[in-house]
file query24.pdb (PDB, C-alpha atoms and all ligand atoms)
ATOM      1  CA  MET A 538      -3.696 -35.441  13.351  1.00  0.00           C
ATOM      2  CA  SER A 539      -3.917 -32.228  15.354  1.00  0.00           C
ATOM      3  CA  GLY A 540      -4.727 -29.848  12.493  1.00  0.00           C
ATOM      4  CA  ARG A 541      -2.531 -27.370  14.345  1.00  0.00           C
ATOM      5  CA  ILE A 542      -0.749 -24.889  12.079  1.00  0.00           C
ATOM      6  CA  THR A 543       2.898 -23.967  12.323  1.00  0.00           C
ATOM      7  CA  LEU A 544       3.436 -20.608  10.643  1.00  0.00           C
ATOM      8  CA  TYR A 545       6.967 -19.790   9.552  1.00  0.00           C
ATOM      9  CA  GLY A 546       7.530 -16.076   9.266  1.00  0.00           C
ATOM     10  CA  SER A 547       8.508 -12.825  10.911  1.00  0.00           C
ATOM     11  CA  ILE A 548       6.126 -10.381  12.525  1.00  0.00           C
ATOM     12  CA  THR A 549       7.385  -7.581  10.291  1.00  0.00           C
ATOM     13  CA  SER A 550       6.644  -9.305   6.966  1.00  0.00           C
ATOM     14  CA  PRO A 551       3.728  -7.781   5.039  1.00  0.00           C
ATOM     15  CA  PHE A 552       3.107 -11.170   3.382  1.00  0.00           C
ATOM     16  CA  VAL A 553       3.019 -13.031   6.687  1.00  0.00           C
ATOM     17  CA  ARG A 554       0.661 -10.447   8.151  1.00  0.00           C
ATOM     18  CA  ARG A 555      -1.959 -11.412   5.548  1.00  0.00           C
ATOM     19  CA  VAL A 556      -2.036 -14.913   7.018  1.00  0.00           C
ATOM     20  CA  ARG A 557      -1.940 -13.673  10.612  1.00  0.00           C
ATOM     21  CA  PHE A 558      -4.876 -11.327   9.904  1.00  0.00           C
ATOM     22  CA  PHE A 559      -6.870 -14.136   8.306  1.00  0.00           C
ATOM     23  CA  CYS A 560      -6.200 -16.601  11.144  1.00  0.00           C
ATOM     24  CA  ASN A 561      -7.242 -13.996  13.669  1.00  0.00           C
ATOM     25  CA  GLU A 562     -10.456 -13.357  11.766  1.00  0.00           C
ATOM     26  CA  VAL A 563     -11.570 -16.980  11.496  1.00  0.00           C
ATOM     27  CA  GLY A 564     -10.203 -18.056  14.892  1.00  0.00           C
ATOM     28  CA  GLU A 565      -7.489 -20.346  13.514  1.00  0.00           C
ATOM     29  CA  LYS A 566      -4.816 -20.930  16.142  1.00  0.00           C
ATOM     30  CA  TYR A 567      -1.206 -21.290  15.048  1.00  0.00           C
ATOM     31  CA  GLU A 568       2.249 -21.587  16.456  1.00  0.00           C
ATOM     32  CA  MET A 569       4.712 -19.147  14.927  1.00  0.00           C
ATOM     33  CA  VAL A 570       8.324 -20.006  14.168  1.00  0.00           C
ATOM     34  CA  ASP A 571      10.277 -16.756  13.919  1.00  0.00           C
ATOM     35  CA  THR A 572      12.320 -16.878  10.729  1.00  0.00           C
ATOM     36  CA  ALA A 573      14.253 -13.785  11.806  1.00  0.00           C
ATOM     37  CA  THR A 574      16.212 -16.168  14.077  1.00  0.00           C
ATOM     38  CA  ASP A 575      18.929 -18.415  12.637  1.00  0.00           C
ATOM     39  CA  SER A 576      17.231 -21.589  13.860  1.00  0.00           C
ATOM     40  CA  GLY A 577      13.787 -20.524  12.583  1.00  0.00           C
ATOM     41  CA  GLN A 578      15.232 -19.554   9.206  1.00  0.00           C
ATOM     42  CA  ALA A 579      17.080 -22.900   8.944  1.00  0.00           C
ATOM     43  CA  GLU A 580      13.930 -24.850   9.838  1.00  0.00           C
ATOM     44  CA  MET A 581      11.886 -22.941   7.255  1.00  0.00           C
ATOM     45  CA  ARG A 582      14.552 -23.507   4.571  1.00  0.00           C
ATOM     46  CA  SER A 583      14.570 -27.239   5.300  1.00  0.00           C
ATOM     47  CA  LYS A 584      10.877 -27.337   4.333  1.00  0.00           C
ATOM     48  CA  ASN A 585      10.484 -24.629   1.694  1.00  0.00           C
ATOM     49  CA  PRO A 586      12.793 -24.588  -1.339  1.00  0.00           C
ATOM     50  CA  ILE A 587      11.892 -20.957  -2.154  1.00  0.00           C
ATOM     51  CA  TRP A 588      13.186 -19.733   1.241  1.00  0.00           C
ATOM     52  CA  LYS A 589      10.418 -17.154   1.493  1.00  0.00           C
ATOM     53  CA  VAL A 590       7.735 -16.551   4.100  1.00  0.00           C
ATOM     54  CA  PRO A 591       4.947 -17.155   4.847  1.00  0.00           C
ATOM     55  CA  CYS A 592       5.159 -20.914   4.851  1.00  0.00           C
ATOM     56  CA  VAL A 593       2.914 -23.192   6.907  1.00  0.00           C
ATOM     57  CA  GLU A 594       2.928 -26.804   7.990  1.00  0.00           C
ATOM     58  CA  ILE A 595      -0.308 -28.567   8.890  1.00  0.00           C
ATOM     59  CA  ASP A 596      -0.169 -32.273   9.765  1.00  0.00           C
ATOM     60  CA  GLY A 597       2.859 -32.745   7.505  1.00  0.00           C
ATOM     61  CA  LEU A 598       1.406 -30.716   4.631  1.00  0.00           C
ATOM     62  CA  VAL A 599       3.762 -27.846   3.789  1.00  0.00           C
ATOM     63  CA  LEU A 600       2.386 -24.860   1.878  1.00  0.00           C
ATOM     64  CA  TRP A 601       4.198 -21.728   0.804  1.00  0.00           C
ATOM     65  CA  ASP A 602       3.031 -18.444  -0.700  1.00  0.00           C
ATOM     66  CA  SER A 603       0.442 -16.276   1.031  1.00  0.00           C
ATOM     67  CA  HIS A 604      -2.110 -16.874  -1.743  1.00  0.00           C
ATOM     68  CA  THR A 605      -1.937 -20.644  -1.527  1.00  0.00           C
ATOM     69  CA  ILE A 606      -2.115 -20.517   2.261  1.00  0.00           C
ATOM     70  CA  LEU A 607      -5.119 -18.174   2.209  1.00  0.00           C
ATOM     71  CA  GLU A 608      -6.863 -20.396  -0.343  1.00  0.00           C
ATOM     72  CA  TYR A 609      -6.279 -23.424   1.883  1.00  0.00           C
ATOM     73  CA  LEU A 610      -7.611 -21.623   4.941  1.00  0.00           C
ATOM     74  CA  THR A 611     -10.597 -20.243   3.036  1.00  0.00           C
ATOM     75  CA  GLU A 612     -11.548 -23.788   2.021  1.00  0.00           C
ATOM     76  CA  LYS A 613     -10.976 -25.063   5.554  1.00  0.00           C
ATOM     77  CA  HIS A 614     -13.233 -22.366   7.007  1.00  0.00           C
ATOM     78  CA  ALA A 615     -15.898 -22.442   4.277  1.00  0.00           C
ATOM     79  CA  GLY A 616     -19.066 -20.774   5.480  1.00  0.00           C
ATOM     80  CA  ASN A 617     -17.363 -18.731   8.186  1.00  0.00           C
ATOM     81  CA  PRO A 618     -18.877 -15.210   8.034  1.00  0.00           C
ATOM     82  CA  LYS A 619     -15.465 -13.689   8.759  1.00  0.00           C
ATOM     83  CA  LEU A 620     -13.933 -14.874   5.475  1.00  0.00           C
ATOM     84  CA  LEU A 621     -12.571 -12.171   3.166  1.00  0.00           C
ATOM     85  CA  ARG A 622     -15.007 -10.603   0.709  1.00  0.00           C
ATOM     86  CA  ARG A 623     -15.009 -12.653  -2.509  1.00  0.00           C
ATOM     87  CA  ALA A 624     -15.797 -11.049  -5.852  1.00  0.00           C
ATOM     88  CA  THR A 625     -18.367 -12.636  -8.134  1.00  0.00           C
ATOM     89  CA  GLY A 626     -19.220 -12.323 -11.828  1.00  0.00           C
ATOM     90  CA  ALA A 627     -17.347  -9.686 -13.787  1.00  0.00           C
ATOM     91  CA  GLU A 628     -15.891  -8.300 -10.542  1.00  0.00           C
ATOM     92  CA  VAL A 629     -13.657 -11.387 -10.285  1.00  0.00           C
ATOM     93  CA  TRP A 630     -11.352 -10.048 -13.010  1.00  0.00           C
ATOM     94  CA  ARG A 631     -11.134  -6.590 -11.507  1.00  0.00           C
ATOM     95  CA  GLU A 632     -10.295  -8.127  -8.128  1.00  0.00           C
ATOM     96  CA  LYS A 633      -7.549 -10.244  -9.691  1.00  0.00           C
ATOM     97  CA  ASN A 634      -6.041  -7.110 -11.226  1.00  0.00           C
ATOM     98  CA  LEU A 635      -6.229  -5.274  -7.896  1.00  0.00           C
ATOM     99  CA  VAL A 636      -4.461  -8.171  -6.164  1.00  0.00           C
ATOM    100  CA  THR A 637      -1.760  -8.477  -8.815  1.00  0.00           C
ATOM    101  CA  ALA A 638      -1.136  -4.732  -8.799  1.00  0.00           C
ATOM    102  CA  ALA A 639      -0.923  -4.572  -5.002  1.00  0.00           C
ATOM    103  CA  ASP A 640       1.411  -7.589  -5.023  1.00  0.00           C
ATOM    104  CA  GLY A 641       3.580  -5.904  -7.669  1.00  0.00           C
ATOM    105  CA  CYS A 642       3.918  -2.909  -5.389  1.00  0.00           C
ATOM    106  CA  VAL A 643       5.041  -4.889  -2.353  1.00  0.00           C
ATOM    107  CA  GLU A 644       7.366  -7.124  -4.369  1.00  0.00           C
ATOM    108  CA  SER A 645       9.196  -4.030  -5.638  1.00  0.00           C
ATOM    109  CA  ALA A 646       9.308  -2.598  -2.122  1.00  0.00           C
ATOM    110  CA  VAL A 647      10.712  -5.842  -0.661  1.00  0.00           C
ATOM    111  CA  ASN A 648      13.374  -5.855  -3.387  1.00  0.00           C
ATOM    112  CA  LEU A 649      14.369  -2.279  -2.500  1.00  0.00           C
ATOM    113  CA  PHE A 650      14.332  -3.072   1.208  1.00  0.00           C
ATOM    114  CA  TYR A 651      16.784  -5.968   0.922  1.00  0.00           C
ATOM    115  CA  LEU A 652      19.106  -4.108  -1.417  1.00  0.00           C
ATOM    116  CA  ARG A 653      19.145  -1.010   0.792  1.00  0.00           C
ATOM    117  CA  LYS A 654      19.999  -3.283   3.719  1.00  0.00           C
ATOM    118  CA  ASP A 655      22.968  -4.494   1.681  1.00  0.00           C
ATOM    119  CA  GLY A 656      24.064  -0.881   1.203  1.00  0.00           C
ATOM    120  CA  VAL A 657      22.879  -0.392  -2.373  1.00  0.00           C
ATOM    121  CA  ASP A 658      21.921   3.189  -3.268  1.00  0.00           C
ATOM    122  CA  ASP A 659      18.676   2.740  -5.198  1.00  0.00           C
ATOM    123  CA  THR A 660      18.965   6.164  -6.827  1.00  0.00           C
ATOM    124  CA  LYS A 661      22.078   4.957  -8.679  1.00  0.00           C
ATOM    125  CA  VAL A 662      20.745   1.769 -10.244  1.00  0.00           C
ATOM    126  CA  ALA A 663      18.339   2.156 -13.177  1.00  0.00           C
ATOM    127  CA  TYR A 664      16.327  -0.975 -12.329  1.00  0.00           C
ATOM    128  CA  LEU A 665      15.862   0.241  -8.762  1.00  0.00           C
ATOM    129  CA  VAL A 666      14.785   3.665  -9.953  1.00  0.00           C
ATOM    130  CA  LYS A 667      12.181   1.728 -11.953  1.00  0.00           C
ATOM    131  CA  GLN A 668      11.206  -0.291  -8.864  1.00  0.00           C
ATOM    132  CA  ASN A 669      10.538   2.968  -6.986  1.00  0.00           C
ATOM    133  CA  ALA A 670       8.573   4.341  -9.933  1.00  0.00           C
ATOM    134  CA  ARG A 671       6.554   1.109 -10.139  1.00  0.00           C
ATOM    135  CA  ILE A 672       5.518   1.473  -6.499  1.00  0.00           C
ATOM    136  CA  ALA A 673       4.307   5.012  -7.205  1.00  0.00           C
ATOM    137  CA  SER A 674       2.556   3.899 -10.400  1.00  0.00           C
ATOM    138  CA  VAL A 675       0.671   1.070  -8.675  1.00  0.00           C
ATOM    139  CA  LEU A 676      -0.327   3.212  -5.725  1.00  0.00           C
ATOM    140  CA  ALA A 677      -1.572   5.960  -8.045  1.00  0.00           C
ATOM    141  CA  TRP A 678      -3.713   3.402  -9.900  1.00  0.00           C
ATOM    142  CA  LEU A 679      -5.012   1.728  -6.742  1.00  0.00           C
ATOM    143  CA  LYS A 680      -6.073   5.142  -5.476  1.00  0.00           C
ATOM    144  CA  THR A 681      -8.271   5.590  -8.550  1.00  0.00           C
ATOM    145  CA  GLN A 682      -9.990   2.312  -7.597  1.00  0.00           C
ATOM    146  CA  LEU A 683     -10.654   3.170  -3.956  1.00  0.00           C
ATOM    147  CA  LYS A 684     -13.902   4.676  -2.802  1.00  0.00           C
ATOM    148  CA  ASP A 685     -14.375   5.543   0.855  1.00  0.00           C
ATOM    149  CA  ASN A 686     -11.402   3.306   1.804  1.00  0.00           C
ATOM    150  CA  TYR A 687     -12.704   0.162   0.051  1.00  0.00           C
ATOM    151  CA  PHE A 688     -12.483  -1.244  -3.443  1.00  0.00           C
ATOM    152  CA  THR A 689     -16.161  -2.204  -3.562  1.00  0.00           C
ATOM    153  CA  SER A 690     -19.329  -0.601  -2.287  1.00  0.00           C
ATOM    154  CA  ASP A 691     -20.125  -3.313   0.286  1.00  0.00           C
ATOM    155  CA  LYS A 692     -17.427  -1.968   2.617  1.00  0.00           C
ATOM    156  CA  LYS A 693     -16.021  -5.356   3.597  1.00  0.00           C
ATOM    157  CA  ILE A 694     -12.344  -6.231   3.603  1.00  0.00           C
ATOM    158  CA  GLY A 695     -11.350  -8.390   0.657  1.00  0.00           C
ATOM    159  CA  LEU A 696      -7.936  -9.585  -0.440  1.00  0.00           C
ATOM    160  CA  PRO A 697      -7.038  -6.289  -2.206  1.00  0.00           C
ATOM    161  CA  GLU A 698      -7.764  -4.228   0.917  1.00  0.00           C
ATOM    162  CA  LEU A 699      -5.849  -6.728   3.076  1.00  0.00           C
ATOM    163  CA  ILE A 700      -2.803  -6.653   0.817  1.00  0.00           C
ATOM    164  CA  LEU A 701      -2.853  -2.871   0.479  1.00  0.00           C
ATOM    165  CA  PHE A 702      -3.111  -2.303   4.219  1.00  0.00           C
ATOM    166  CA  CYS A 703      -0.244  -4.700   4.989  1.00  0.00           C
ATOM    167  CA  ASN A 704       1.865  -3.067   2.251  1.00  0.00           C
ATOM    168  CA  LEU A 705       1.255   0.511   3.331  1.00  0.00           C
ATOM    169  CA  ASP A 706       1.797  -0.123   7.010  1.00  0.00           C
ATOM    170  CA  TRP A 707       5.054  -1.959   6.268  1.00  0.00           C
ATOM    171  CA  MET A 708       6.320   0.636   3.736  1.00  0.00           C
ATOM    172  CA  ARG A 709       5.582   3.314   6.330  1.00  0.00           C
ATOM    173  CA  LEU A 710       7.557   1.370   8.965  1.00  0.00           C
ATOM    174  CA  ARG A 711      10.512   0.850   6.623  1.00  0.00           C
ATOM    175  CA  ASN A 712      10.463   4.350   5.088  1.00  0.00           C
ATOM    176  CA  LEU A 713      10.019   2.919   1.614  1.00  0.00           C
ATOM    177  CA  TYR A 714       7.250   5.278   0.559  1.00  0.00           C
ATOM    178  CA  PRO A 715       5.972   8.526   2.107  1.00  0.00           C
ATOM    179  CA  VAL A 716       2.563   7.006   2.846  1.00  0.00           C
ATOM    180  CA  SER A 717       1.647   9.582   5.485  1.00  0.00           C
ATOM    181  CA  GLU A 718       2.146  12.432   3.006  1.00  0.00           C
ATOM    182  CA  ASP A 719      -0.582  11.076   0.760  1.00  0.00           C
ATOM    183  CA  ALA A 720      -4.044  12.035   1.995  1.00  0.00           C
ATOM    184  CA  THR A 721      -5.864   9.084   0.379  1.00  0.00           C
ATOM    185  CA  LEU A 722      -3.370   6.448   1.525  1.00  0.00           C
ATOM    186  CA  LYS A 723      -3.149   7.919   5.004  1.00  0.00           C
ATOM    187  CA  ALA A 724      -6.957   7.961   5.250  1.00  0.00           C
ATOM    188  CA  PHE A 725      -7.025   4.310   4.140  1.00  0.00           C
ATOM    189  CA  LEU A 726      -4.533   3.326   6.850  1.00  0.00           C
ATOM    190  CA  ASP A 727      -6.310   5.395   9.495  1.00  0.00           C
ATOM    191  CA  HIS A 728      -9.660   3.901   8.581  1.00  0.00           C
ATOM    192  CA  HIS A 729      -8.534   0.262   8.773  1.00  0.00           C
ATOM    193  CA  LYS A 730      -5.980   0.394  11.568  1.00  0.00           C
ATOM    194  CA  THR A 731      -8.664  -0.031  14.235  1.00  0.00           C
ATOM    195  CA  HIS A 732      -9.895  -3.295  12.694  1.00  0.00           C
ATOM    196  CA  PRO A 733      -9.456  -5.905  15.483  1.00  0.00           C
ATOM    197  CA  SER A 734      -7.375  -8.230  13.314  1.00  0.00           C
ATOM    198  CA  PHE A 735      -4.998  -5.432  12.305  1.00  0.00           C
ATOM    199  CA  VAL A 736      -4.790  -4.352  15.949  1.00  0.00           C
ATOM    200  CA  ALA A 737      -4.021  -7.974  16.881  1.00  0.00           C
ATOM    201  CA  THR A 738      -1.163  -8.178  14.354  1.00  0.00           C
ATOM    202  CA  PRO A 739       0.797  -4.982  14.975  1.00  0.00           C
ATOM    203  CA  LEU A 740       4.135  -4.231  13.386  1.00  0.00           C
ATOM    204  CA  PRO A 741       6.901  -3.370  15.833  1.00  0.00           C
ATOM    205  CA  GLY A 742       7.792   0.285  16.330  1.00  0.00           C
TER     206      GLY A 742
HETATM  207  N1  LIG B 801       4.671 -14.468  -3.321  1.00  0.00           N
HETATM  208  C1  LIG B 801       5.093 -14.678  -1.962  1.00  0.00           C
HETATM  209  C2  LIG B 801       6.131 -13.630  -1.566  1.00  0.00           C
HETATM  210  C3  LIG B 801       6.720 -13.869  -0.195  1.00  0.00           C
HETATM  211  C4  LIG B 801       7.910 -12.962   0.101  1.00  0.00           C
HETATM  212  O1  LIG B 801       8.462 -12.308  -0.782  1.00  0.00           O
HETATM  213  N2  LIG B 801       8.298 -12.937   1.377  1.00  0.00           N
HETATM  214  C5  LIG B 801       9.449 -12.173   1.821  1.00  0.00           C
HETATM  215  C6  LIG B 801       9.227 -11.661   3.236  1.00  0.00           C
HETATM  216  S1  LIG B 801       8.419 -10.138   3.309  1.00  0.00           S
HETATM  217  C7  LIG B 801      10.643 -13.090   1.924  1.00  0.00           C
HETATM  218  O2  LIG B 801      10.570 -14.123   2.557  1.00  0.00           O
HETATM  219  N3  LIG B 801      11.772 -12.698   1.315  1.00  0.00           N
HETATM  220  C8  LIG B 801      13.010 -13.410   1.460  1.00  0.00           C
HETATM  221  C9  LIG B 801      13.895 -13.215   0.280  1.00  0.00           C
HETATM  222  O3  LIG B 801      13.486 -12.555  -0.697  1.00  0.00           O
HETATM  223  O4  LIG B 801      14.998 -13.741   0.345  1.00  0.00           O
HETATM  224  C10 LIG B 801       3.874 -14.682  -1.039  1.00  0.00           C
HETATM  225  O5  LIG B 801       2.832 -14.125  -1.424  1.00  0.00           O
HETATM  226  O6  LIG B 801       3.928 -15.282   0.038  1.00  0.00           O
END

call {"tool": "encode", "arguments": {"input": "query24.pdb", "output": "structure tokens", "more": "lines below"}}
Ligand SMILES: N[C@@H](CCC(=O)N[C@@H](CS)C(=O)NCC(=O)O)C(=O)O
result
Amino acid sequence: MSGRITLYGSITSPFVRRVRFFCNEVGEKYEMVDTATDSGQAEMRSKNPIWKVPCVEIDGLVLWDSHTILEYLTEKHAGNPKLLRRATGAEVWREKNLVTAADGCVESAVNLFYLRKDGVDDTKVAYLVKQNARIASVLAWLKTQLKDNYFTSDKKIGLPELILFCNLDWMRLRNLYPVSEDATLKAFLDHHKTHPSFVATPLPG
């Protein structure tokens, strides 16, 4: 029993970055298997029936989905002051909505990304026009919830801020949304990009 984590994923994935950020924060060491390679992808698929990353293996326990992995790591590191901000009381429901909305945004963007890679023109397919509009709708709503680059007044990164940062930085990299043309979103990225665990998990390019 080493407790050592194998993280299956690619360094570009906004979902994988959530886990990389968290591990960096709490000091959890991991070995990364790059699923952008054929062998890494095959190894991940042999363990995870959904064929999506992130996926981790810890002493034979295989977990997939960033939320499940972050829950596991949060439990493992209970009491660590570097854990993500956790909402309490009535705020729990607002935080869940923020997380689901931010996830909805990145899921639509990932869908567009893969289809564009396959040569699909997303302006010509009604569902993809809707996917683009959904991204804009979610971002517009999230902006109404932000105050001084955070979703709550205690100015600590919680899951919604983590997801939004990873989304925006990745959508900027992949030209999926004109993030830099939006003053609020650009300010959010600029504010958080110097956080040591975002600096430690850079996207290429
Ligand atoms: N709900 C999952 C989503 C993971 C996900 O969509 N990952 C993308 C990478 S950015 C993926 O592996 N996509 C492969 C595919 O759709 O075939 C999570 O939170 O981990």

call {"tool": "residues_near_ligand", "arguments": {"input": "query24.pdb", "ligand": "ligand LIG 801 (chain B)", "cutoff": "12 Å", "atoms": "all atoms listed in the file", "output": "NGL selection string"}}
result
:A and (544-556 or 571-573 or 578 or 581-582 or 585-593 or 600-608 or 636-637 or 639-652 or 696 or 700 or 703-704 or 707-708 or 711)

call {"tool": "atom_distance", "arguments": {"input": "query24.pdb", "atom1": "CA of Ser734 in chain A", "atom2": "CA of Phe558 in chain A"}}
result
5.2 Å

call {"tool": "closest_residue", "arguments": {"input": "query24.pdb", "among": "A:Ala638, A:Leu620, A:Val563, A:Ile542", "to": "Ile595 in chain A", "atoms": "only C-alpha atoms"}}
result
A:Ile542

call {"tool": "resolve_selection", "arguments": {"input": "query24.pdb", "expression": "the PyMOL selection byres (((chain A and resi 742) around 8) and not hetatm)", "output": "ChimeraX atom specification"}}
result
/A:710,740-741

call {"tool": "residues_around", "arguments": {"input": "query24.pdb", "residues": "Phe688 in chain A", "least_positions_apart": "3", "cutoff": "10 Å", "atoms": "only C-alpha atoms", "output": "VMD selection string"}}
result
chain A and resid 631 to 632 635 679 to 685 691 to 698

call {"tool": "closest_residue", "arguments": {"input": "query24.pdb", "among": "A:Glu594, A:Glu612, A:Asp727, A:Asp706", "to": "Val570 in chain A", "atoms": "all atoms listed in the file"}}
result
A:Glu594

call {"tool": "resolve_selection", "arguments": {"input": "query24.pdb", "expression": "the PyMOL selection byres (((chain A and resi 670) around 12) and not hetatm)", "output": "VMD selection string"}}
result
chain A and resid 641 to 642 645 to 646 649 659 to 660 663 to 669 671 to 677 713 to 714

call {"tool": "closest_residue", "arguments": {"input": "query24.pdb", "among": "A:Glu568, A:Asn712, A:Gly616, A:Thr738", "to": "Arg653 in chain A", "atoms": "all atoms listed in the file"}}
result
A:Asn712

call {"tool": "closest_residue", "arguments": {"input": "query24.pdb", "among": "A:Leu722, A:Thr689, A:Asp658, A:Gly597", "to": "Thr625 in chain A", "atoms": "all atoms listed in the file"}}
result
A:Thr689

call {"tool": "atom_distance", "arguments": {"input": "query24.pdb", "atom1": "CA of Thr543 in chain A", "atom2": "CA of Tyr567 in chain A"}}
result
5.6 Å

call {"tool": "atom_distance", "arguments": {"input": "query24.pdb", "atom1": "CA of Thr574 in chain A", "atom2": "CA of Gly540 in chain A"}}
result
25.1 Å

call {"tool": "build_atoms", "arguments": {"input": "query24.pdb", "residues": "range 719-726 of chain A", "atoms": "all heavy atoms", "output": "compact mmCIF listing (two decimals), in the frame of the given file"}}
result
# COMPACT_ATOMS: atom_id res chain seq x y z
N ASP A 719 0.47 11.23 1.78
CA ASP A 719 -0.58 11.08 0.76
C ASP A 719 -1.93 10.98 1.48
O ASP A 719 -2.18 10.03 2.22
CB ASP A 719 -0.30 9.79 -0.04
CG ASP A 719 -1.28 9.62 -1.18
OD1 ASP A 719 -2.52 9.58 -0.93
OD2 ASP A 719 -0.83 9.54 -2.32
N ALA A 720 -2.79 11.95 1.23
CA ALA A 720 -4.04 12.04 2.00
C ALA A 720 -4.90 10.78 1.83
O ALA A 720 -5.47 10.27 2.82
CB ALA A 720 -4.83 13.27 1.55
N THR A 721 -4.98 10.25 0.61
CA THR A 721 -5.86 9.08 0.38
C THR A 721 -5.31 7.83 1.06
O THR A 721 -6.04 7.06 1.68
CB THR A 721 -6.00 8.82 -1.14
OG1 THR A 721 -6.36 10.04 -1.77
CG2 THR A 721 -7.02 7.75 -1.43
N LEU A 722 -3.98 7.64 0.93
CA LEU A 722 -3.37 6.45 1.52
C LEU A 722 -3.37 6.54 3.05
O LEU A 722 -3.62 5.54 3.75
CB LEU A 722 -1.94 6.26 1.00
CG LEU A 722 -1.83 6.06 -0.52
CD1 LEU A 722 -0.37 5.93 -0.93
CD2 LEU A 722 -2.64 4.85 -0.99
N LYS A 723 -3.13 7.73 3.55
CA LYS A 723 -3.15 7.92 5.00
C LYS A 723 -4.57 7.66 5.54
O LYS A 723 -4.75 7.01 6.58
CB LYS A 723 -2.68 9.33 5.36
CG LYS A 723 -2.55 9.53 6.85
CD LYS A 723 -1.98 10.90 7.19
CE LYS A 723 -1.85 11.09 8.69
NZ LYS A 723 -3.08 10.84 9.44
N ALA A 724 -5.56 8.17 4.81
CA ALA A 724 -6.96 7.96 5.25
C ALA A 724 -7.30 6.47 5.24
O ALA A 724 -7.99 5.97 6.13
CB ALA A 724 -7.91 8.72 4.32
N PHE A 725 -6.78 5.76 4.23
CA PHE A 725 -7.02 4.31 4.14
C PHE A 725 -6.44 3.60 5.36
O PHE A 725 -7.11 2.79 6.01
CB PHE A 725 -6.40 3.77 2.84
CG PHE A 725 -6.54 2.29 2.66
CD1 PHE A 725 -7.68 1.74 2.07
CD2 PHE A 725 -5.53 1.43 3.07
CE1 PHE A 725 -7.80 0.36 1.91
CE2 PHE A 725 -5.65 0.05 2.91
CZ PHE A 725 -6.78 -0.48 2.33
N LEU A 726 -5.18 3.94 5.68
CA LEU A 726 -4.53 3.33 6.85
C LEU A 726 -5.29 3.69 8.14
O LEU A 726 -5.54 2.82 8.97
CB LEU A 726 -3.09 3.83 6.98
CG LEU A 726 -1.99 3.04 6.29
CD1 LEU A 726 -0.64 3.66 6.61
CD2 LEU A 726 -2.00 1.57 6.70
